[in-house]
Every structure is written in C-alpha cells, then in structure tokens.
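J.: Let me begin by handing over the structure; questions about it come next.
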Amino acid sequence: MPETSASRPASTILLLRDGSKVDGKSRDEVEVFMMVRHHQIEFNSGALVFPGGSVDAGDQEIVKRSDLYSGGEDLSESDRGFRIAAIRETFEESGILLARSKGSKTPVDAKRAGEIADKHRVALNEHKISFLSILADNGLQLALDTLLPYAHWITPEGMPKRFDTWFFLAAAPPDQLGAHDGRESTDSIWVSPREAVEGGESGRFKLPFPTTRNLIRLAKQPNVSVALEHARGMSVVTVMPVMTKTDTGRQLRIPREAGYDGEVFEVGAVG
C-alpha cells in the first residue's frame, strides 16, 4: 500500500432551494447547486461536485476576528474554520455569499452580493485580495449559523491526496443564483438530487462516491425546510471508507450507522 498522506481539512456546502416550476407546476423536489470541476484540476477533474475546498491560513485569520462573523459563538475554533472556509470557497466558486451586514439579521440581498462579487471575486481567486479584507471593507459578517452539519468524510488511507471534509447544508439566499468561475469549474447547474444521481448512472455526470451517497440521502427530502429540519436532528457519523479490490473492481465499506442505506458498496467495476 502507498504511504498514507495526512488529510487536509476541507469544507463543502450543499446549497439548497425549493424546486423550480415546470409547465407552470412546482416540482416537489429540492434542488442543489453543483459545478463541473475543470478537467485540468488535479483532484476530481471533470466531476460534478458541490462548491468547496481546503481550509486555508486566511480562514484561520478570520476565526480570530469575531467581528467578521456571527452565529458561531458556541463553536470551537476548528468548527468555525470549517464553516468560514465553506462560505469563502462557495463565494469564490459561485459568487453566492452567505453573509449579513453588521448589525443585520437578514442575508445580504442578491444585488449587494452581486456587486461585491463583481468587484472582488476575480481578485480573490487570483490571491490579490484576502477574504478578510473583503468582509472588513464592506462591513460584512459571515452567517455561520446558516450552515448545518450534514456529513463528515475522510479520504481512505493509502490515497495520494486525502481530505478531512465537512459537508454542510444551507438554504441559498433568495435570488442568489450562482455562476461558475470559469477557472476551477467550467459549468454550474441547479439540479434535483434525483436527476444528478440518474445522470451519474447514465454517464451524463461524473460523480465522486461521497457526492453520490449524499445526493441519494438528500433526494428523500421534498423541500428545503424539511431538509434543514432533518439535518438539525441528525447525529453526524464520520465516514472513512475502507477500500478493497475484488474480482470485479473495488469495494468500499462505510459505517452503516452513517445513514447511507448500506455498508458495502461496489464501485469501479471492471468492464
């Protein structure tokens, strides 16, 4: 087995909205924002994923600035870091901003979020400005309490690149539709979890295993309100799949109590 590398802290957000109307009728399905990773990206190239990425040093600087976030008073510094990274990465990759103006209890509206994205997003992605500066200069506080823990996955041992990733659920702020950045991602869609899973099965989409399992679980929820309520009542079980080779491909074993409708899954079948 290859030498196991340390896992890097990372975060991702399942941004939710209620189903759009088709032929004048509302669909009884929640929708989630997803992006196609650029084919030249080293990790999960070409895959359909939720916005997210690694926790970085800049996120830890924001952790120390309690004036730049709200709703995280009862969280540990580590937990704050995961949430801050999730919101930053989502803004970088989609332009959707989960933040409030200081002293406000409501999210920044789509117009203001768009103006901030238009002014700062490219520079942020090019590391010419820090997320901390954007927040401070615009009088913003990250809305940490809008994120609900949904899953915790750690890349299997033996993999060359490993992540310790928290998945969060959040309702997308009204009218913030999101758009891929054209750098790390080449396309973006609002899609029902059912359609995404079906796309993975048909070959329309390339879905990483953790993404598929969380989409299947999310597909059981009819709308955003129910999905968030379900997440509030969950006990998140850490998943680090154990991978073994079989005659037909590979097999992944995960804890049954993690709530993914099974324990052993066949993946990567040959032929």
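Residues in the structure tokens are numbered from 1 in each chain, the chains being A, B, ... in the order shown, and ligands are numbered from 1 in the order shown.
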Can you tell me which residues surround Ala10 in chain A at a distance of at most 12 Å, considering only C-alpha atoms, apart from same-chain residues fewer than 3 positions away, and format the answer as a VMD selection string?
T.: chain A and resid 7 13 51 to 56 59 78 to 79 81 to 89 152 to 155 162 to 168
J.: Keeping only C-alpha atoms, write the selected residues to a file as a PDB file, in the first residue's frame.
T.:
ATOM      1  CA  SER A   7      -5.679  14.513   5.397  1.00  0.00           C
ATOM      2  CA  ILE A  13     -21.792  23.284   1.051  1.00  0.00           C
ATOM      3  CA  PRO A  51     -18.747  24.118  -4.088  1.00  0.00           C
ATOM      4  CA  GLY A  52     -15.982  23.805  -1.533  1.00  0.00           C
ATOM      5  CA  GLY A  53     -12.278  23.358  -0.877  1.00  0.00           C
ATOM      6  CA  SER A  54      -9.496  23.333   1.683  1.00  0.00           C
ATOM      7  CA  VAL A  55      -9.375  25.353   4.898  1.00  0.00           C
ATOM      8  CA  ASP A  56      -6.503  27.824   4.487  1.00  0.00           C
ATOM      9  CA  ASP A  59      -9.682  31.320   7.155  1.00  0.00           C
ATOM     10  CA  SER A  78     -11.804  24.369  14.444  1.00  0.00           C
ATOM     11  CA  ASP A  79     -15.533  24.267  13.662  1.00  0.00           C
ATOM     12  CA  GLY A  81     -12.639  27.419  10.478  1.00  0.00           C
ATOM     13  CA  PHE A  82     -14.548  24.735   8.573  1.00  0.00           C
ATOM     14  CA  ARG A  83     -17.601  26.985   8.215  1.00  0.00           C
ATOM     15  CA  ILE A  84     -15.596  30.051   7.217  1.00  0.00           C
ATOM     16  CA  ALA A  85     -13.752  28.040   4.572  1.00  0.00           C
ATOM     17  CA  ALA A  86     -17.045  26.670   3.264  1.00  0.00           C
ATOM     18  CA  ILE A  87     -18.524  30.163   2.839  1.00  0.00           C
ATOM     19  CA  ARG A  88     -15.335  31.571   1.302  1.00  0.00           C
ATOM     20  CA  GLU A  89     -14.944  28.718  -1.185  1.00  0.00           C
ATOM     21  CA  HIS A 152     -18.134  14.197   7.578  1.00  0.00           C
ATOM     22  CA  TRP A 153     -15.987  12.202   5.149  1.00  0.00           C
ATOM     23  CA  ILE A 154     -12.262  11.419   5.283  1.00  0.00           C
ATOM     24  CA  THR A 155     -10.472  10.121   2.185  1.00  0.00           C
ATOM     25  CA  ARG A 162      -6.543  12.983   1.279  1.00  0.00           C
ATOM     26  CA  PHE A 163      -9.135  15.375   2.701  1.00  0.00           C
ATOM     27  CA  ASP A 164     -10.967  15.618   6.011  1.00  0.00           C
ATOM     28  CA  THR A 165     -14.180  17.170   4.696  1.00  0.00           C
ATOM     29  CA  TRP A 166     -17.257  18.540   6.424  1.00  0.00           C
ATOM     30  CA  PHE A 167     -20.415  18.764   4.310  1.00  0.00           C
ATOM     31  CA  PHE A 168     -22.889  21.476   5.314  1.00  0.00           C
TER      32      PHE A 168
END
J.: Name the residues of range 88-196 of chain A that fall into helix (DSSP H, G or I) according to DSSP on the backbone, using the chain letters and numbers of this document, as a ChimeraX atom specification.
T.: /A:88-94,110-125,131-137,144-146,193-196
J.: Do a neighbour search on Ser130 in chain A at 12 Å with only C-alpha atoms, toss out local chain neighbours closer than 6 positions, and write the hits as a compact mmCIF listing (two decimals) with C-alpha atoms, in the first residue's frame.
T.:
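Result file result32.txt:
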# COMPACT_ATOMS: atom_id res chain seq x y z
CA ASP A 56 -6.50 27.82 4.49
CA ALA A 57 -4.46 30.18 6.64
CA GLY A 58 -6.68 33.12 5.70
CA ASP A 59 -9.68 31.32 7.16
CA GLU A 61 -7.14 34.67 10.47
CA ILE A 62 -10.89 35.31 10.17
CA ARG A 88 -15.34 31.57 1.30
CA GLU A 92 -15.04 32.15 -4.81
CA HIS A 120 -13.76 41.39 -5.72
CA ARG A 121 -14.26 37.80 -6.88
CA VAL A 122 -11.64 37.72 -9.64
CA ALA A 123 -9.04 39.40 -7.42
CA LEU A 124 -9.84 36.96 -4.61
CA ALA A 136 -13.94 44.21 6.69
CA ASP A 137 -14.10 46.77 3.87
J.: Got a sec: who's within 9 Å of Val191 in chain A, counting only C-alpha atoms, leaving out chain neighbours fewer than 4 positions off, as a PDB file with N, CA, C and O atoms, in the first residue's frame?
T.:
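New file part-v4.pdb:
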ATOM      1  N   GLY A  19     -37.790  23.382  -5.431  1.00  0.00           N
ATOM      2  CA  GLY A  19     -37.853  23.029  -6.842  1.00  0.00           C
ATOM      3  C   GLY A  19     -38.487  24.107  -7.698  1.00  0.00           C
ATOM      4  O   GLY A  19     -39.464  24.745  -7.307  1.00  0.00           O
ATOM      5  N   VAL A  30     -36.409  19.148  -3.889  1.00  0.00           N
ATOM      6  CA  VAL A  30     -35.428  20.173  -3.563  1.00  0.00           C
ATOM      7  C   VAL A  30     -34.394  20.209  -4.692  1.00  0.00           C
ATOM      8  O   VAL A  30     -34.208  19.225  -5.410  1.00  0.00           O
ATOM      9  N   GLU A  31     -33.738  21.352  -4.877  1.00  0.00           N
ATOM     10  CA  GLU A  31     -32.666  21.467  -5.857  1.00  0.00           C
ATOM     11  C   GLU A  31     -31.385  21.899  -5.148  1.00  0.00           C
ATOM     12  O   GLU A  31     -31.419  22.616  -4.143  1.00  0.00           O
ATOM     13  N   VAL A  32     -30.255  21.467  -5.692  1.00  0.00           N
ATOM     14  CA  VAL A  32     -28.960  21.758  -5.088  1.00  0.00           C
ATOM     15  C   VAL A  32     -28.041  22.346  -6.165  1.00  0.00           C
ATOM     16  O   VAL A  32     -28.111  21.967  -7.335  1.00  0.00           O
ATOM     17  N   PHE A  33     -27.195  23.287  -5.739  1.00  0.00           N
ATOM     18  CA  PHE A  33     -26.266  23.933  -6.676  1.00  0.00           C
ATOM     19  C   PHE A  33     -25.024  23.067  -6.820  1.00  0.00           C
ATOM     20  O   PHE A  33     -24.377  22.700  -5.836  1.00  0.00           O
ATOM     21  N   MET A  34     -24.657  22.757  -8.076  1.00  0.00           N
ATOM     22  CA  MET A  34     -23.489  21.914  -8.330  1.00  0.00           C
ATOM     23  C   MET A  34     -22.685  22.478  -9.495  1.00  0.00           C
ATOM     24  O   MET A  34     -23.211  23.215 -10.328  1.00  0.00           O
ATOM     25  N   GLU A 195     -32.112  13.821 -10.184  1.00  0.00           N
ATOM     26  CA  GLU A 195     -31.595  13.986 -11.546  1.00  0.00           C
ATOM     27  C   GLU A 195     -30.074  13.841 -11.587  1.00  0.00           C
ATOM     28  O   GLU A 195     -29.517  13.280 -12.533  1.00  0.00           O
ATOM     29  N   ALA A 196     -29.400  14.358 -10.554  1.00  0.00           N
ATOM     30  CA  ALA A 196     -27.946  14.250 -10.512  1.00  0.00           C
ATOM     31  C   ALA A 196     -27.505  12.798 -10.400  1.00  0.00           C
ATOM     32  O   ALA A 196     -26.583  12.354 -11.095  1.00  0.00           O
TER      33      ALA A 196
END
J.: My list of candidates is A:Val236, A:Ala172, A:Gly95, A:Met35. Which is closest to Asp187 in chain A when distances are computed with only C-alpha atoms?
T.: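 Comparing A:Val236, A:Ala172, A:Gly95, A:Met35 against Asp187 in chain A, the winner is A:Met35.
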J.: Quick one: of A:Ala143, A:Glu29, A:Leu169, A:Asp109, who's nearest to Ser11 in chain A, counting only C-alpha atoms?
T.: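 Smallest distance to Ser11 in chain A is found for A:Leu169.
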J.: Report the distance between CA of Val239 in chain A and CA of Pro208 in chain A in Å, rounded to one decimal place.
T.: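 Those two atoms sit 14.4 Å apart.
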J.: Find, counting only C-alpha atoms, the residue in A:Ala258, A:Ala117, A:Val264, A:Leu228 that gets nearest to Val242 in chain A.
T.: A:Val264
J.: Rank nothing, just name the residue among A:Asp118, A:Asn125, A:Lys102, A:Pro193 nearest to Thr90 in chain A, using only C-alpha atoms.
T.: A:Asn125
J.: Fewer than 6 positions away in the same chain doesn't count, so skip those; otherwise give me all residues within 7 Å of Leu207 in chain A, counting only C-alpha atoms, as a compact mmCIF listing (two decimals) with N, CA, C and O atoms, in the first residue's frame.
T.:
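Output (part.txt):
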# COMPACT_ATOMS: atom_id res chain seq x y z
N ALA A 47 -15.48 16.27 -12.54
CA ALA A 47 -16.58 15.75 -11.73
C ALA A 47 -17.62 16.82 -11.43
O ALA A 47 -17.31 18.01 -11.37
N LEU A 48 -18.86 16.38 -11.23
CA LEU A 48 -19.93 17.25 -10.77
C LEU A 48 -19.90 17.24 -9.24
O LEU A 48 -20.05 16.18 -8.62
N GLY A 200 -25.43 10.46 -13.02
CA GLY A 200 -24.23 9.70 -12.71
C GLY A 200 -24.34 8.27 -13.20
O GLY A 200 -23.36 7.68 -13.71
